[in-house]
Amino acid sequence: MDEWKPNFSLDGRVVLVTGGSRGLGQAMARALAASGATVVLNGRSCGPLEQERDAIRAAGYNADFAAFAVDDAAAAKAGIHEVAKRHGGLYGLVNNAGHQRRHPIEEMTDEAFEDVVAVHLTAAFRLMREAVAIMRANPGGPIGRIVSTSSVTASHGRKNVYPYAAAKSGLEAMARVGAAEFGAEGITCNAIAPGYFLTEINTPLLDDKAFTDWVTGRTPAGRWADPSELGGAVTFLMSPAASYVNGHVLVVDGGMTAVL
Ligand SMILES: NC(=O)c1ccc[n+]([C@@H]2O[C@H](COP(=O)([O-])OP(=O)(O)OC[C@H]3O[C@@H](n4cnc5c(N)ncnc54)[C@H](OP(=O)(O)O)[C@@H]3O)[C@@H](O)[C@H]2O)c1
């Protein structure tokens with residue numbers, strides 16, 4: 001019975017993935033493209049975006065790119081509206097672009113704190129605001145999916161990551177506010193909280209043997225995660241099958257935060 005089968009297909013859906021040139025954004029974009037979406041990759045440098053767009057197309061899927069800094073308010077607003085104009089609307093937004101600045105509190109300057117919050121949280125809010133306006137005007141009526149990449153540090157403290165953890169908690173809170181505000185319009189707003197994945201942002205941690213030993217020992221899976229292991233979570237939250245999942249934080253951490 002076809003109607004019994006959950007619909008995970010993203011055929012014909014346009015999804016903008018910020019920070020889509022490498023790491024988790026790249027892996028999520030590949031999974032979304034392989035599930036039928038036309039993915040629009042964002043990042044600041046054209047070269048890696050063009051390369052990744054070509055790789056996705058070479059695999060037989062649909063991809064485009066839009067280069068802008070998410071924390072440049074004017075560029076981000078123009079960028080997301082240009083994407084919607086080019087593709088006739090926007091179904092999905094993955095707020096994923098990010099970086100990290102780790103410092104003990106006495107060395108964490110206002111500039112560093114504000115920079116991390118600007119990229120992870122303020123930029124995500126602005127893109128969400130523009131995305132909702134576009135999603136409300138989608139051909140065929142309002143529909144949309146917003147998914148933000150949070151982190152296990154939103155709910156579990158680690159030293160030296162004040163602005164990062166604060167911004168990630170803010171993303172999870174905004175997913176709940178979005179669910180309350182536009183859930184009745186068929187636009188859902190969720191977050192994914194990854195544990196420790198093998199990407200560039202974690203290079204300083206990977207170089208620290210004591211830290212990597214702690215991750216493998218602390219995680220029931222007994223290892224770091226491969227970026228491709230985020231593909232299922234984002235595809236689910238983006239899909240028609242997740243139409244009643246709203247304001248949720250989906251933890252993908254190999255069990256790390258489930259155990260003592
Ligand atoms: N890796 C993990 O274990 C982990 C765990 C939890 C959460 N996360 C979160 O997952 C997200 C992706 O992290 P990652 O590990 O994949 O990092 P990554 O490999 O360093 O990739 C970061 C991506 O963001 C883009 N980017 C950075 N600043 C940007 C800006 N201002 N405007 C637009 N694009 C920007 C980068 O491209 P350009 O440099 O070309 O702009 C790149 O595509 C981040 O939000 C991070 O906090 C990661």
# chains A, B, ... in the order shown; residues from 1 in each chain; ligands from 1
call {"tool": "residues_near_ligand", "arguments": {"ligand": "ligand 1", "cutoff": "6 Å", "atoms": "only C-alpha atoms and all ligand atoms", "output": "NGL selection string"}}
result
:A and (18-25 or 43-45 or 68-71 or 96-99 or 119 or 149-151 or 194-202)
call {"tool": "residues_around", "arguments": {"residues": "Asn62 of chain A", "least_positions_apart": "4", "cutoff": "9 Å", "atoms": "only C-alpha atoms", "output": "list in words"}}
result
Ala33, Ala34, Gly36, Ala37, Thr38, Val39, Val40, Arg53, Ile56 and Arg57 of chain A
call {"tool": "select_by_dssp", "arguments": {"residues": "segment 10-239 of chain A", "states": "strand (DSSP E or B)", "output": "PDB file with N, CA and C atoms, in the first residue's frame"}}
result
ATOM      1  N   VAL A  14      13.638  22.799  -3.339  1.00  0.00           N
ATOM      2  CA  VAL A  14      14.867  23.610  -3.356  1.00  0.00           C
ATOM      3  C   VAL A  14      15.297  23.883  -1.913  1.00  0.00           C
ATOM      4  N   VAL A  15      16.531  23.519  -1.606  1.00  0.00           N
ATOM      5  CA  VAL A  15      17.025  23.663  -0.226  1.00  0.00           C
ATOM      6  C   VAL A  15      18.357  24.423  -0.222  1.00  0.00           C
ATOM      7  N   LEU A  16      18.405  25.495   0.539  1.00  0.00           N
ATOM      8  CA  LEU A  16      19.646  26.266   0.706  1.00  0.00           C
ATOM      9  C   LEU A  16      20.392  25.739   1.935  1.00  0.00           C
ATOM     10  N   VAL A  17      21.658  25.362   1.750  1.00  0.00           N
ATOM     11  CA  VAL A  17      22.476  24.845   2.854  1.00  0.00           C
ATOM     12  C   VAL A  17      23.631  25.808   3.087  1.00  0.00           C
ATOM     13  N   THR A  38      17.019  19.927  -5.072  1.00  0.00           N
ATOM     14  CA  THR A  38      18.012  20.791  -5.720  1.00  0.00           C
ATOM     15  C   THR A  38      18.663  21.551  -4.578  1.00  0.00           C
ATOM     16  N   VAL A  39      19.941  21.271  -4.323  1.00  0.00           N
ATOM     17  CA  VAL A  39      20.588  21.935  -3.194  1.00  0.00           C
ATOM     18  C   VAL A  39      21.345  23.173  -3.675  1.00  0.00           C
ATOM     19  N   VAL A  40      21.217  24.239  -2.917  1.00  0.00           N
ATOM     20  CA  VAL A  40      21.969  25.456  -3.213  1.00  0.00           C
ATOM     21  C   VAL A  40      22.994  25.604  -2.097  1.00  0.00           C
ATOM     22  N   LEU A  41      24.257  25.477  -2.479  1.00  0.00           N
ATOM     23  CA  LEU A  41      25.348  25.475  -1.509  1.00  0.00           C
ATOM     24  C   LEU A  41      25.793  26.898  -1.236  1.00  0.00           C
ATOM     25  N   ASN A  42      25.949  27.224   0.046  1.00  0.00           N
ATOM     26  CA  ASN A  42      26.458  28.553   0.408  1.00  0.00           C
ATOM     27  C   ASN A  42      27.757  28.428   1.195  1.00  0.00           C
ATOM     28  N   GLY A  43      28.583  29.445   1.038  1.00  0.00           N
ATOM     29  CA  GLY A  43      29.825  29.597   1.793  1.00  0.00           C
ATOM     30  C   GLY A  43      30.398  30.934   1.340  1.00  0.00           C
ATOM     31  N   ASN A  62      20.986  17.422  -8.531  1.00  0.00           N
ATOM     32  CA  ASN A  62      20.839  18.845  -8.866  1.00  0.00           C
ATOM     33  C   ASN A  62      21.474  19.736  -7.807  1.00  0.00           C
ATOM     34  N   ALA A  63      22.306  20.672  -8.275  1.00  0.00           N
ATOM     35  CA  ALA A  63      22.965  21.577  -7.325  1.00  0.00           C
ATOM     36  C   ALA A  63      23.256  22.917  -7.976  1.00  0.00           C
ATOM     37  N   ASP A  64      23.343  23.925  -7.120  1.00  0.00           N
ATOM     38  CA  ASP A  64      23.657  25.288  -7.528  1.00  0.00           C
ATOM     39  C   ASP A  64      24.460  25.866  -6.351  1.00  0.00           C
ATOM     40  N   PHE A  65      24.999  27.057  -6.497  1.00  0.00           N
ATOM     41  CA  PHE A  65      25.633  27.668  -5.323  1.00  0.00           C
ATOM     42  C   PHE A  65      25.355  29.157  -5.245  1.00  0.00           C
ATOM     43  N   ALA A  66      25.465  29.701  -4.044  1.00  0.00           N
ATOM     44  CA  ALA A  66      25.266  31.124  -3.791  1.00  0.00           C
ATOM     45  C   ALA A  66      26.300  31.538  -2.757  1.00  0.00           C
ATOM     46  N   ALA A  67      27.305  32.303  -3.184  1.00  0.00           N
ATOM     47  CA  ALA A  67      28.380  32.698  -2.270  1.00  0.00           C
ATOM     48  C   ALA A  67      28.020  34.001  -1.552  1.00  0.00           C
ATOM     49  N   GLY A  92      13.437  24.628   1.633  1.00  0.00           N
ATOM     50  CA  GLY A  92      14.195  24.324   2.839  1.00  0.00           C
ATOM     51  C   GLY A  92      15.378  25.251   3.068  1.00  0.00           C
ATOM     52  N   LEU A  93      15.664  25.475   4.347  1.00  0.00           N
ATOM     53  CA  LEU A  93      16.866  26.230   4.736  1.00  0.00           C
ATOM     54  C   LEU A  93      17.587  25.421   5.802  1.00  0.00           C
ATOM     55  N   VAL A  94      18.875  25.148   5.577  1.00  0.00           N
ATOM     56  CA  VAL A  94      19.702  24.533   6.618  1.00  0.00           C
ATOM     57  C   VAL A  94      20.681  25.603   7.095  1.00  0.00           C
ATOM     58  N   ASN A  95      20.461  26.078   8.309  1.00  0.00           N
ATOM     59  CA  ASN A  95      21.358  27.065   8.914  1.00  0.00           C
ATOM     60  C   ASN A  95      22.525  26.317   9.538  1.00  0.00           C
ATOM     61  N   GLY A 144       7.366  24.774   4.128  1.00  0.00           N
ATOM     62  CA  GLY A 144       8.807  24.937   4.302  1.00  0.00           C
ATOM     63  C   GLY A 144       9.364  24.141   5.463  1.00  0.00           C
ATOM     64  N   ARG A 145      10.671  24.040   5.450  1.00  0.00           N
ATOM     65  CA  ARG A 145      11.397  23.318   6.501  1.00  0.00           C
ATOM     66  C   ARG A 145      12.656  24.127   6.836  1.00  0.00           C
ATOM     67  N   ILE A 146      12.813  24.454   8.102  1.00  0.00           N
ATOM     68  CA  ILE A 146      14.038  25.119   8.543  1.00  0.00           C
ATOM     69  C   ILE A 146      14.732  24.189   9.539  1.00  0.00           C
ATOM     70  N   VAL A 147      15.987  23.897   9.282  1.00  0.00           N
ATOM     71  CA  VAL A 147      16.756  23.014  10.171  1.00  0.00           C
ATOM     72  C   VAL A 147      18.061  23.735  10.501  1.00  0.00           C
ATOM     73  N   SER A 148      18.375  23.859  11.774  1.00  0.00           N
ATOM     74  CA  SER A 148      19.635  24.513  12.167  1.00  0.00           C
ATOM     75  C   SER A 148      20.584  23.507  12.793  1.00  0.00           C
ATOM     76  N   THR A 149      21.858  23.653  12.495  1.00  0.00           N
ATOM     77  CA  THR A 149      22.859  22.779  13.113  1.00  0.00           C
ATOM     78  C   THR A 149      23.244  23.346  14.467  1.00  0.00           C
ATOM     79  N   ILE A 187       5.041  25.221   7.952  1.00  0.00           N
ATOM     80  CA  ILE A 187       6.483  25.506   7.949  1.00  0.00           C
ATOM     81  C   ILE A 187       7.034  25.015   9.290  1.00  0.00           C
ATOM     82  N   THR A 188       7.930  24.034   9.253  1.00  0.00           N
ATOM     83  CA  THR A 188       8.466  23.485  10.499  1.00  0.00           C
ATOM     84  C   THR A 188       9.868  24.019  10.753  1.00  0.00           C
ATOM     85  N   CYS A 189      10.252  23.966  12.007  1.00  0.00           N
ATOM     86  CA  CYS A 189      11.523  24.552  12.417  1.00  0.00           C
ATOM     87  C   CYS A 189      12.152  23.645  13.479  1.00  0.00           C
ATOM     88  N   ASN A 190      13.229  22.994  13.119  1.00  0.00           N
ATOM     89  CA  ASN A 190      13.865  22.027  14.013  1.00  0.00           C
ATOM     90  C   ASN A 190      15.369  22.259  14.070  1.00  0.00           C
ATOM     91  N   ALA A 191      16.025  21.515  14.947  1.00  0.00           N
ATOM     92  CA  ALA A 191      17.489  21.605  15.046  1.00  0.00           C
ATOM     93  C   ALA A 191      18.073  20.197  15.136  1.00  0.00           C
ATOM     94  N   ILE A 192      19.317  20.094  14.700  1.00  0.00           N
ATOM     95  CA  ILE A 192      20.079  18.849  14.864  1.00  0.00           C
ATOM     96  C   ILE A 192      21.246  19.180  15.785  1.00  0.00           C
ATOM     97  N   ALA A 193      21.459  18.339  16.795  1.00  0.00           N
ATOM     98  CA  ALA A 193      22.596  18.555  17.700  1.00  0.00           C
ATOM     99  C   ALA A 193      23.624  17.452  17.490  1.00  0.00           C
ATOM    100  N   PRO A 194      24.644  17.716  16.654  1.00  0.00           N
ATOM    101  CA  PRO A 194      25.676  16.693  16.440  1.00  0.00           C
ATOM    102  C   PRO A 194      26.617  16.599  17.630  1.00  0.00           C
ATOM    103  N   PHE A 197      32.198  15.190  15.206  1.00  0.00           N
ATOM    104  CA  PHE A 197      32.355  14.722  13.830  1.00  0.00           C
ATOM    105  C   PHE A 197      33.730  15.103  13.287  1.00  0.00           C
ATOM    106  N   ALA A 225      32.408  10.589  14.702  1.00  0.00           N
ATOM    107  CA  ALA A 225      31.433  10.326  13.633  1.00  0.00           C
ATOM    108  C   ALA A 225      31.975  10.788  12.285  1.00  0.00           C
TER     109      ALA A 225
END
call {"tool": "closest_residue", "arguments": {"among": "A:Leu32, A:Gly254, A:Ala167, A:Gln26", "to": "Pro48 of chain A", "atoms": "only C-alpha atoms"}}
result
A:Gln26
call {"tool": "residues_around", "arguments": {"residues": "segment 104-106 of chain A", "least_positions_apart": "6", "cutoff": "10 Å", "atoms": "only C-alpha atoms", "output": "compact mmCIF listing (two decimals) with all heavy atoms, in the first residue's frame"}}
result
# COMPACT_ATOMS: atom_id res chain seq x y z
N LYS A 159 34.45 23.57 28.60
CA LYS A 159 35.17 24.81 28.86
C LYS A 159 35.53 25.53 27.55
O LYS A 159 35.60 24.89 26.49
CB LYS A 159 36.43 24.52 29.67
CG LYS A 159 37.43 23.64 28.99
CD LYS A 159 38.61 23.36 29.91
CE LYS A 159 39.64 22.50 29.19
NZ LYS A 159 40.79 22.18 30.03
N ASN A 160 35.73 26.83 27.64
CA ASN A 160 36.28 27.67 26.56
C ASN A 160 35.36 27.97 25.38
O ASN A 160 35.79 28.58 24.40
CB ASN A 160 37.57 27.05 25.97
CG ASN A 160 38.69 26.95 26.98
OD1 ASN A 160 38.60 27.56 28.05
ND2 ASN A 160 39.72 26.20 26.66
N VAL A 161 34.10 27.55 25.42
CA VAL A 161 33.24 27.76 24.24
C VAL A 161 32.01 28.63 24.58
O VAL A 161 30.90 28.34 24.13
CB VAL A 161 32.82 26.41 23.59
CG1 VAL A 161 34.01 25.70 22.97
CG2 VAL A 161 32.10 25.49 24.59
N TYR A 162 32.24 29.72 25.30
CA TYR A 162 31.12 30.56 25.76
C TYR A 162 30.20 31.02 24.63
O TYR A 162 28.99 30.76 24.66
CB TYR A 162 31.64 31.77 26.54
CG TYR A 162 32.37 31.36 27.79
CD1 TYR A 162 33.76 31.19 27.78
CD2 TYR A 162 31.67 31.09 28.96
CE1 TYR A 162 34.42 30.77 28.90
CE2 TYR A 162 32.34 30.67 30.09
CZ TYR A 162 33.72 30.51 30.06
OH TYR A 162 34.36 30.08 31.18
call {"tool": "select_by_dssp", "arguments": {"residues": "segment 63-223 of chain A", "states": "alpha helix (DSSP H)", "output": "ChimeraX atom specification"}}
result
/A:73-87,110-117,123-136,162-182,203-206,209-218
call {"tool": "closest_residue", "arguments": {"among": "A:His248, A:His156, A:Arg102, A:Arg176", "to": "Leu205 of chain A", "atoms": "only C-alpha atoms"}}
result
A:Arg102
